[in-house]
file structure-v7.txt (compact mmCIF, C-alpha atoms)
# COMPACT_ATOMS: atom_id res chain seq x y z
CA MET E 201 11.83 31.42 -20.58
CA THR E 202 12.06 28.80 -17.82
CA THR E 203 13.89 25.57 -18.63
CA TYR E 204 12.40 22.52 -16.90
CA ASP E 205 14.28 19.35 -16.01
CA CYS E 206 11.01 17.42 -16.20
CA ASP E 207 7.27 17.87 -16.41
CA VAL E 208 6.41 16.16 -13.12
CA LEU E 209 8.72 15.67 -10.15
CA VAL E 210 7.65 12.90 -7.75
CA VAL E 211 9.02 13.00 -4.20
CA GLY E 212 9.12 9.49 -2.74
CA GLY E 213 10.22 6.17 -4.21
CA GLY E 214 7.82 3.89 -2.38
CA ILE E 215 5.11 1.95 -4.19
CA VAL E 216 2.70 4.91 -4.38
CA GLY E 217 5.29 7.28 -5.84
CA LEU E 218 6.49 4.73 -8.36
CA SER E 219 2.92 3.76 -9.29
CA THR E 220 2.23 7.45 -9.89
CA ALA E 221 5.27 7.72 -12.18
CA TYR E 222 4.09 4.59 -14.03
CA ALA E 223 0.55 6.00 -14.40
CA LEU E 224 1.83 9.38 -15.63
CA THR E 225 3.81 7.91 -18.50
CA ARG E 226 0.97 5.54 -19.40
CA ALA E 227 -1.70 8.24 -19.39
CA ALA E 228 0.39 10.83 -21.23
CA PRO E 229 3.24 9.24 -23.21
CA GLY E 230 6.15 11.61 -23.52
CA THR E 231 5.62 13.11 -20.06
CA ARG E 232 9.03 13.58 -18.49
CA VAL E 233 9.06 12.28 -14.92
CA ILE E 234 11.78 12.33 -12.26
CA VAL E 235 11.38 10.46 -8.97
CA LEU E 236 13.45 11.57 -5.97
CA GLU E 237 14.04 8.98 -3.23
CA LYS E 238 16.21 9.76 -0.22
CA GLU E 239 17.22 6.14 0.33
CA ASN E 240 19.62 4.18 -1.90
CA GLY E 241 16.87 2.01 -3.37
CA PRO E 242 13.08 1.79 -3.70
CA ALA E 243 10.53 0.66 -1.12
CA ARG E 244 12.75 0.89 1.96
CA HIS E 245 10.05 1.92 4.44
CA GLN E 246 6.28 1.26 4.48
CA THR E 247 6.28 -0.63 1.17
CA GLY E 248 9.10 -2.97 2.06
CA ARG E 249 8.29 -3.42 5.75
CA ASN E 250 4.77 -4.82 5.81
CA SER E 251 3.25 -8.29 5.82
CA GLY E 252 2.89 -8.39 2.02
CA VAL E 253 -0.88 -8.90 2.12
CA ILE E 254 -3.05 -8.12 -0.89
CA HIS E 255 -6.08 -6.81 1.01
CA SER E 256 -9.58 -7.57 -0.27
CA GLY E 257 -11.16 -4.29 0.86
CA ILE E 258 -13.63 -5.85 3.30
CA TYR E 259 -12.88 -3.50 6.20
CA TYR E 260 -13.46 -0.15 4.51
CA LYS E 261 -16.51 2.08 4.41
CA PRO E 262 -18.49 1.50 1.19
CA GLY E 263 -17.87 4.29 -1.29
CA SER E 264 -14.63 5.44 0.38
CA LEU E 265 -11.40 5.68 -1.58
CA LYS E 266 -10.01 2.82 0.50
CA ALA E 267 -12.94 0.54 -0.35
CA ARG E 268 -13.05 1.38 -4.05
CA PHE E 269 -9.29 1.39 -4.61
CA ALA E 270 -8.59 -1.73 -2.49
CA VAL E 271 -11.22 -3.87 -4.22
CA ARG E 272 -10.08 -2.72 -7.66
CA GLY E 273 -6.41 -2.71 -6.67
CA ALA E 274 -6.43 -6.28 -5.31
CA ALA E 275 -7.53 -7.68 -8.67
CA GLU E 276 -5.11 -5.44 -10.54
CA MET E 277 -2.20 -6.34 -8.25
CA VAL E 278 -2.73 -10.07 -8.83
CA GLU E 279 -2.88 -9.48 -12.58
CA PHE E 280 0.23 -7.24 -12.50
CA CYS E 281 2.22 -9.81 -10.54
CA ALA E 282 1.15 -12.62 -12.88
CA ARG E 283 2.03 -10.61 -15.98
CA HIS E 284 5.48 -9.67 -14.71
CA GLY E 285 6.48 -12.88 -12.97
CA ILE E 286 6.40 -11.43 -9.45
CA PRO E 287 5.88 -14.01 -6.68
CA HIS E 288 2.29 -13.91 -5.42
CA GLU E 289 -0.52 -16.19 -4.29
CA VAL E 290 -4.27 -15.73 -3.76
CA THR E 291 -4.67 -17.53 -0.44
CA GLY E 292 -7.93 -16.25 0.99
CA LYS E 293 -8.08 -15.45 4.70
CA LEU E 294 -10.09 -16.11 7.83
CA ILE E 295 -11.37 -13.38 10.14
CA VAL E 296 -12.09 -15.16 13.40
CA ALA E 297 -14.26 -14.17 16.38
CA THR E 298 -12.97 -15.67 19.62
CA GLU E 299 -15.32 -13.86 22.05
CA ARG E 300 -19.10 -13.46 21.97
CA ASP E 301 -18.92 -9.67 22.00
CA GLU E 302 -17.04 -9.86 18.69
CA LEU E 303 -19.89 -11.63 16.88
CA PRO E 304 -21.88 -8.47 16.04
CA ARG E 305 -18.75 -6.88 14.60
CA LEU E 306 -18.06 -10.01 12.57
CA HIS E 307 -21.60 -9.96 11.15
CA ALA E 308 -21.17 -6.26 10.33
CA LEU E 309 -18.04 -7.16 8.34
CA VAL E 310 -20.05 -9.70 6.37
CA GLN E 311 -22.51 -6.99 5.41
CA ARG E 312 -19.75 -4.50 4.61
CA GLY E 313 -17.96 -7.04 2.45
CA ARG E 314 -21.09 -7.73 0.46
CA GLU E 315 -21.72 -3.99 0.01
CA ASN E 316 -18.19 -3.70 -1.35
CA GLY E 317 -18.78 -6.58 -3.79
CA ILE E 318 -16.46 -9.02 -2.01
CA PRO E 319 -17.32 -12.74 -1.84
CA VAL E 320 -17.63 -13.70 1.83
CA ARG E 321 -18.46 -17.08 3.35
CA GLU E 322 -19.61 -17.46 6.96
CA LEU E 323 -18.10 -20.34 8.96
CA GLY E 324 -18.83 -22.18 12.18
CA PRO E 325 -16.20 -23.78 14.47
CA ALA E 326 -15.99 -27.05 12.50
CA GLN E 327 -15.57 -25.17 9.24
CA ILE E 328 -12.81 -23.02 10.75
CA ALA E 329 -10.92 -26.21 11.58
CA ALA E 330 -11.29 -27.40 7.98
CA TYR E 331 -9.35 -24.35 6.80
CA GLU E 332 -7.03 -23.99 9.79
CA PRO E 333 -6.85 -27.08 12.03
CA GLU E 334 -4.92 -25.28 14.82
CA VAL E 335 -7.11 -22.16 14.93
CA ARG E 336 -10.03 -21.92 17.38
CA GLY E 337 -12.99 -19.54 17.27
CA LEU E 338 -16.72 -19.20 17.78
CA ALA E 339 -17.33 -18.11 14.19
CA ALA E 340 -15.39 -16.78 11.22
CA ILE E 341 -15.69 -15.48 7.72
CA HIS E 342 -13.62 -16.59 4.76
CA VAL E 343 -12.57 -13.87 2.31
CA GLY E 344 -11.46 -15.52 -0.91
CA THR E 345 -9.85 -12.57 -2.71
CA THR E 346 -7.08 -11.90 -0.15
CA GLY E 347 -3.53 -12.88 -1.11
CA VAL E 348 0.16 -12.17 -0.60
CA CYS E 349 2.94 -10.86 -2.81
CA ASP E 350 6.37 -9.23 -2.79
CA TYR E 351 5.65 -5.49 -2.79
CA GLY E 352 9.31 -4.60 -2.96
CA ALA E 353 9.55 -6.47 -6.25
CA VAL E 354 6.37 -4.74 -7.47
CA ALA E 355 7.86 -1.32 -6.69
CA ALA E 356 11.12 -2.13 -8.47
CA ARG E 357 9.20 -3.31 -11.54
CA LEU E 358 7.06 -0.17 -11.58
CA ALA E 359 10.26 1.92 -11.55
CA GLU E 360 11.54 0.04 -14.59
CA LEU E 361 8.27 0.18 -16.51
CA SER E 362 7.60 3.85 -15.84
CA GLY E 363 10.56 5.06 -17.86
CA ALA E 364 11.04 7.75 -15.21
CA ARG E 365 14.45 8.89 -14.08
CA VAL E 366 14.71 7.63 -10.52
CA ARG E 367 17.35 9.37 -8.41
CA TYR E 368 18.28 7.58 -5.21
CA GLY E 369 20.07 9.21 -2.28
CA ALA E 370 18.27 12.46 -3.14
CA GLU E 371 16.54 13.90 -0.08
CA VAL E 372 14.51 17.06 -0.63
CA VAL E 373 15.52 19.93 1.67
CA ARG E 374 13.92 22.94 -0.01
CA ILE E 375 11.00 23.61 -2.36
CA ASP E 376 10.38 26.91 -4.14
CA ARG E 377 7.00 26.99 -5.82
CA ARG E 378 5.88 29.84 -8.04
CA PRO E 379 2.52 29.20 -9.72
CA SER E 380 3.52 31.17 -12.81
CA LEU E 381 6.93 29.49 -13.17
CA GLY E 382 6.68 26.00 -11.70
CA VAL E 383 8.46 24.24 -8.86
CA ALA E 384 12.16 24.17 -7.99
CA VAL E 385 13.48 21.52 -5.59
CA ARG E 386 16.87 21.37 -3.91
CA THR E 387 18.31 18.09 -2.60
CA THR E 388 20.89 17.47 0.11
CA ASP E 389 23.79 17.44 -2.37
CA GLY E 390 22.86 20.90 -3.63
CA THR E 391 21.27 19.76 -6.89
CA VAL E 392 18.38 21.95 -8.05
CA LEU E 393 15.68 20.46 -10.27
CA ARG E 394 12.89 22.41 -11.92
CA ALA E 395 9.52 20.91 -12.85
CA ARG E 396 6.20 22.07 -14.16
CA ALA E 397 4.42 20.24 -11.30
CA LEU E 398 5.30 18.33 -8.15
CA VAL E 399 3.76 15.23 -6.57
CA ASN E 400 4.38 14.58 -2.88
CA CYS E 401 4.38 10.83 -2.12
CA ALA E 402 6.85 11.09 0.75
CA GLY E 403 4.98 8.73 3.09
CA LEU E 404 6.37 9.13 6.59
CA HIS E 405 7.56 12.64 5.67
CA CYS E 406 4.64 13.80 3.49
CA ASP E 407 3.43 16.49 5.90
CA ARG E 408 6.96 17.90 6.14
CA VAL E 409 7.28 18.02 2.36
CA ALA E 410 3.89 19.75 2.13
CA ARG E 411 5.12 22.45 4.49
CA LEU E 412 8.34 22.83 2.47
CA ALA E 413 6.10 23.56 -0.52
CA GLY E 414 4.33 26.29 1.47
CA ASP E 415 1.12 24.35 2.08
CA ASP E 416 -0.59 23.64 5.39
CA PRO E 417 -1.38 19.90 5.27
CA GLY E 418 -3.90 20.19 8.12
CA VAL E 419 -2.63 16.90 9.52
CA ARG E 420 0.50 15.62 11.22
CA ILE E 421 2.05 12.24 10.55
CA VAL E 422 2.21 10.41 13.87
CA PRO E 423 4.37 7.30 13.43
CA PHE E 424 3.19 4.01 14.92
CA ARG E 425 5.62 1.12 14.96
CA GLY E 426 4.27 -2.32 14.16
CA GLU E 427 6.39 -5.10 15.66
CA TYR E 428 6.43 -8.59 14.19
CA TYR E 429 7.54 -12.06 15.18
CA GLU E 430 8.19 -15.01 12.92
CA LEU E 431 6.61 -18.34 13.82
CA ALA E 432 9.24 -21.00 14.51
CA ARG E 433 6.66 -23.67 13.69
CA PRO E 434 5.14 -22.33 10.45
CA GLY E 435 3.19 -25.56 9.98
CA LEU E 436 0.74 -24.35 12.63
CA VAL E 437 -0.79 -21.96 10.10
CA LYS E 438 -1.83 -22.76 6.54
CA GLY E 439 -2.75 -19.28 5.32
CA LEU E 440 -3.87 -15.91 6.71
CA VAL E 441 -5.74 -15.59 10.01
CA TYR E 442 -7.01 -12.29 11.44
CA PRO E 443 -8.92 -11.28 14.57
CA VAL E 444 -12.08 -9.17 14.38
CA PRO E 445 -10.76 -5.57 14.35
CA ASP E 446 -11.86 -2.78 16.65
CA PRO E 447 -13.69 -0.28 14.41
CA ALA E 448 -12.38 2.63 16.51
CA PHE E 449 -8.87 2.11 15.12
CA PRO E 450 -7.35 1.76 11.64
CA PHE E 451 -5.19 -1.13 12.91
CA LEU E 452 -6.24 -4.72 12.20
CA GLY E 453 -4.81 -6.34 15.31
CA VAL E 454 -2.21 -9.08 15.71
CA HIS E 455 -2.68 -11.55 12.87
CA LEU E 456 -0.94 -14.53 11.27
CA THR E 457 0.33 -14.24 7.71
CA ARG E 458 1.95 -16.99 5.66
CA GLY E 459 4.11 -15.18 3.14
CA ILE E 460 5.16 -16.17 -0.34
CA ASP E 461 8.39 -17.64 1.05
CA GLY E 462 6.50 -19.97 3.42
CA THR E 463 7.39 -18.12 6.61
CA VAL E 464 4.59 -17.07 8.95
CA HIS E 465 4.69 -13.59 10.45
CA VAL E 466 2.81 -12.74 13.62
CA GLY E 467 1.79 -9.16 14.26
CA PRO E 468 1.85 -6.25 14.15
CA ASN E 469 1.01 -4.43 17.32
CA ALA E 470 0.82 -0.61 17.20
CA VAL E 471 3.03 1.47 19.50
CA PRO E 472 4.20 5.09 19.24
CA ALA E 473 7.58 5.40 17.53
CA GLY E 474 10.31 7.78 18.72
CA ALA E 475 11.14 8.69 15.12
CA ARG E 476 9.43 8.56 11.77
CA GLU E 477 11.73 5.70 10.89
CA GLY E 478 11.92 4.40 14.45
CA TYR E 479 12.00 0.66 13.91
CA ASP E 480 12.99 -0.10 17.50
CA TRP E 481 12.83 1.50 20.94
CA ARG E 482 16.47 2.63 20.68
CA THR E 483 15.80 4.87 17.68
CA VAL E 484 14.72 8.30 18.90
CA ARG E 485 15.14 11.51 16.91
CA PRO E 486 14.51 14.38 19.33
CA ARG E 487 13.37 16.86 16.67
CA GLU E 488 10.86 14.43 15.15
CA LEU E 489 9.64 13.30 18.56
CA ALA E 490 9.21 16.92 19.64
CA GLY E 491 7.15 17.57 16.51
CA THR E 492 4.85 14.65 17.37
CA LEU E 493 4.47 15.79 20.98
CA ALA E 494 3.80 19.39 19.93
CA TRP E 495 0.84 18.32 17.78
CA PRO E 496 -2.39 18.63 19.84
CA GLY E 497 -3.83 15.57 18.13
CA SER E 498 -1.18 13.35 19.72
CA TRP E 499 -2.37 14.27 23.22
CA HIS E 500 -6.01 13.84 22.26
CA ILE E 501 -5.19 10.30 21.09
CA ALA E 502 -3.36 9.56 24.34
CA ARG E 503 -6.26 10.77 26.51
CA ARG E 504 -8.94 9.10 24.43
CA HIS E 505 -7.27 5.72 23.88
CA TRP E 506 -4.83 5.31 26.77
CA ARG E 507 -6.26 1.92 27.78
CA TYR E 508 -5.83 0.49 24.27
CA GLY E 509 -2.36 2.02 24.05
CA ALA E 510 -1.32 0.55 27.40
CA GLY E 511 -2.18 -2.93 26.14
CA GLU E 512 -0.14 -2.41 22.98
CA LEU E 513 2.84 -1.16 24.97
CA HIS E 514 2.60 -4.14 27.33
CA ARG E 515 2.71 -6.53 24.36
CA SER E 516 5.70 -4.63 22.98
CA TRP E 517 7.69 -4.96 26.20
CA SER E 518 6.54 -8.49 27.09
CA LYS E 519 6.96 -11.41 24.69
CA ARG E 520 4.79 -13.44 27.04
CA ALA E 521 1.93 -10.95 26.69
CA PHE E 522 2.34 -10.97 22.90
CA ALA E 523 2.16 -14.78 22.89
CA GLU E 524 -1.00 -14.65 25.04
CA ALA E 525 -2.63 -12.36 22.47
CA VAL E 526 -1.73 -14.79 19.69
CA ARG E 527 -3.12 -17.73 21.67
CA ARG E 528 -6.60 -16.26 21.35
CA LEU E 529 -6.45 -17.40 17.73
CA LEU E 530 -3.81 -20.12 17.91
CA PRO E 531 -3.99 -21.87 21.30
CA SER E 532 -1.04 -24.19 20.65
CA VAL E 533 1.51 -21.40 20.14
CA ARG E 534 4.23 -21.08 22.78
CA GLU E 535 6.38 -18.14 23.72
CA ALA E 536 9.40 -20.03 22.35
CA ASP E 537 7.67 -20.24 18.96
CA LEU E 538 8.03 -16.48 18.44
CA ARG E 539 11.25 -15.22 16.89
CA PRO E 540 11.84 -11.46 16.48
CA SER E 541 11.32 -10.16 12.95
CA PRO E 542 11.91 -6.70 11.41
CA ALA E 543 9.38 -4.04 12.39
CA GLY E 544 7.56 -1.51 10.24
CA VAL E 545 6.28 2.00 10.87
CA ARG E 546 2.83 3.20 9.81
CA ALA E 547 2.58 6.81 8.60
CA GLN E 548 -0.72 7.66 10.26
CA ALA E 549 -2.18 11.10 9.53
CA VAL E 550 -3.82 12.64 12.60
CA LEU E 551 -6.04 15.72 12.69
CA ARG E 552 -5.57 18.47 15.27
CA ASP E 553 -8.50 17.13 17.32
CA GLY E 554 -6.93 13.67 17.53
CA THR E 555 -9.01 12.03 14.81
CA LEU E 556 -7.10 9.30 13.03
CA VAL E 557 -7.62 9.93 9.31
CA ASP E 558 -9.39 6.80 8.13
CA ASP E 559 -9.45 7.20 4.35
CA PHE E 560 -6.74 7.91 1.81
CA LEU E 561 -6.13 11.67 1.76
CA ILE E 562 -5.02 13.37 -1.46
CA ARG E 563 -5.00 17.16 -1.69
CA SER E 564 -4.33 19.48 -4.60
CA ALA E 565 -2.55 22.84 -4.46
CA PRO E 566 -1.20 25.08 -7.24
CA ARG E 567 1.08 22.88 -9.39
CA THR E 568 1.28 20.38 -6.51
CA ILE E 569 -0.47 17.19 -5.42
CA HIS E 570 0.03 15.94 -1.85
CA VAL E 571 -0.67 12.34 -0.81
CA LEU E 572 -1.12 12.90 2.93
CA ASN E 573 -2.53 9.61 4.18
CA ALA E 574 -1.71 6.35 2.42
CA PRO E 575 -0.96 3.61 4.94
CA SER E 576 -2.32 0.08 4.54
CA PRO E 577 -3.99 -0.89 2.22
CA ALA E 578 -2.08 1.58 0.03
CA ALA E 579 0.26 -1.10 -1.34
CA THR E 580 -2.75 -3.18 -2.44
CA ALA E 581 -4.41 -0.09 -3.90
CA SER E 582 -1.25 1.43 -5.35
CA LEU E 583 -2.20 1.07 -9.02
CA PRO E 584 -5.58 2.88 -8.68
CA ILE E 585 -4.02 5.46 -6.33
CA GLY E 586 -1.26 6.09 -8.85
CA ARG E 587 -3.81 6.69 -11.60
CA GLU E 588 -5.80 9.11 -9.46
CA VAL E 589 -2.71 11.08 -8.44
CA ALA E 590 -1.44 11.10 -12.03
CA ARG E 591 -4.81 12.40 -13.25
CA ARG E 592 -4.64 15.28 -10.78
CA ALA E 593 -0.98 15.99 -11.57
CA LEU E 594 -1.64 16.18 -15.30
CA ALA E 595 -4.58 18.51 -14.63
CA ALA E 596 -2.25 20.72 -12.59
CA LEU E 597 0.15 21.21 -15.51
CA PRO E 598 -0.20 24.58 -17.20
CA ASP E 599 -1.46 24.59 -20.78

call {"tool": "encode", "arguments": {"input": "structure-v7.txt", "output": "structure tokens"}}
result
Amino acid sequence: MTTYDCDVLVVGGGIVGLSTAYALTRAAPGTRVIVLEKENGPARHQTGRNSGVIHSGIYYKPGSLKARFAVRGAAEMVEFCARHGIPHEVTGKLIVATERDELPRLHALVQRGRENGIPVRELGPAQIAAYEPEVRGLAAIHVGTTGVCDYGAVAARLAELSGARVRYGAEVVRIDRRPSLGVAVRTTDGTVLRARALVNCAGLHCDRVARLAGDDPGVRIVPFRGEYYELARPGLVKGLVYPVPDPAFPFLGVHLTRGIDGTVHVGPNAVPAGAREGYDWRTVRPRELAGTLAWPGSWHIARRHWRYGAGELHRSWSKRAFAEAVRRLLPSVREADLRPSPAGVRAQAVLRDGTLVDDFLIRSAPRTIHVLNAPSPAATASLPIGREVARRALAALPD
């Protein structure tokens, strides 16, 4: 008879993994859960290195997981933060068109927002100035349900509330899955843990963990670094200001975000990273970079979107170019107003043909659930995502 260390083993201590652990113990009290996190604390990567925005769900295709989970998750995240004393604020945000060719896309966002059940108000130039005196644009929309919070604090609270055993400094190096017996996982220190089911919430490394489990994820994580600046004159911006995004990309463009601490972050751009945790140009891991370059989808992206990529690279290498991009929204900003701030890396799943996976991607395998695409707005949607993954994990447990 097999002895199990837990019922469900969760790989990854970011906000999605910890929300899953929380949902498991809420849905099925008594479920034994262990979370393995390779870092020495929670939320060290995507969760703790973003702009802290509680997204409304306005950008996402109606009926998609992103749309449904973001709209629901935004309300739940505000309620969770209020209940547990986590710093947060519902600020609303402006999405601003600065060029005439952006107006049709702005109007399409209005329609999409309404289809997703999000309150949206259309603004003219004078109304933009009433919200943001220093921002200029031809037209804008105000989205009232957007906010900001401290996602690192949310993740830490989820870890406490879940009742799960969270093991830090525990990187998974081997997985042995036998459908009739369960899953055995070995960590870097040689510890072996046995579980009845496994959940893969490894973020930047989720495709690698899927392969360790013997599954073909069908995608490759291609890391894109998002570089930020902090505004030296935060008084120039009162809240959150976004450009009209290009629908061909899952990136929202360089935007202005006043955080809960009063600082204003500017960014991010989106440039290829030389490592899955490549937070600057100096960080290159040859094996990880080789894996990215060997994936056919990476070359399809480069051929298809080289012009867009060249602009992003130029803004990465040139602070002046970055400042010029910001001036489209905030004409009074100067190059000297931009102070370097820590970067983040987006775990973007890419198909073999170069398609950027647009929706959340969750796949089931025997005794295993893989979360294979959960970049922004995953932090916003983490509570609904956690429930969905927990539901599938509990269904995967043998009777």

call {"tool": "residues_around", "arguments": {"input": "structure-v7.txt", "residues": "Leu218 (chain E)", "least_positions_apart": "5", "cutoff": "12 Å", "atoms": "all atoms listed in the file", "output": "MDAnalysis selection string"}}
result
chainID E and resid 209:213 223:225 233:237 241:243 247 351:367 399:402 579 582:583 585:587 589:590

call {"tool": "closest_residue", "arguments": {"input": "structure-v7.txt", "among": "E:Thr555, E:Ser219, E:Ser518, E:Ser564", "to": "Glu427 (chain E)", "atoms": "all atoms listed in the file"}}
result
E:Ser518

call {"tool": "atom_distance", "arguments": {"input": "structure-v7.txt", "atom1": "CA of Glu535 (chain E)", "atom2": "CA of Arg515 (chain E)"}}
result
12.2 Å

call {"tool": "axis_aligned_box", "arguments": {"input": "structure-v7.txt", "around": "region 482-496 of chain E", "padding_each_side": "6 Å", "output": "JSON"}}
result
{"center_x": 7.0, "center_y": 11.0, "center_z": 18.1, "size_x": 30.9, "size_y": 28.8, "size_z": 17.8}

call {"tool": "atom_distance", "arguments": {"input": "structure-v7.txt", "atom1": "CA of Gly347 (chain E)", "atom2": "CA of Tyr259 (chain E)"}}
result
15.1 Å

call {"tool": "residues_around", "arguments": {"input": "structure-v7.txt", "residues": "Pro584 (chain E)", "least_positions_apart": "4", "cutoff": "9 Å", "atoms": "all atoms listed in the file", "output": "PyMOL selection string"}}
result
chain E and resi 219+223+268-270+272-273+276+588-589

call {"tool": "closest_residue", "arguments": {"input": "structure-v7.txt", "among": "E:Ala339, E:Pro379, E:Ala510, E:Asp537", "to": "Gly435 (chain E)", "atoms": "all atoms listed in the file"}}
result
E:Asp537

call {"tool": "atom_distance", "arguments": {"input": "structure-v7.txt", "atom1": "CA of Trp495 (chain E)", "atom2": "CA of Pro542 (chain E)"}}
result
28.1 Å

call {"tool": "closest_residue", "arguments": {"input": "structure-v7.txt", "among": "E:Gly478, E:Gly459, E:Gly257, E:Pro423", "to": "Lys438 (chain E)", "atoms": "all atoms listed in the file"}}
result
E:Gly459
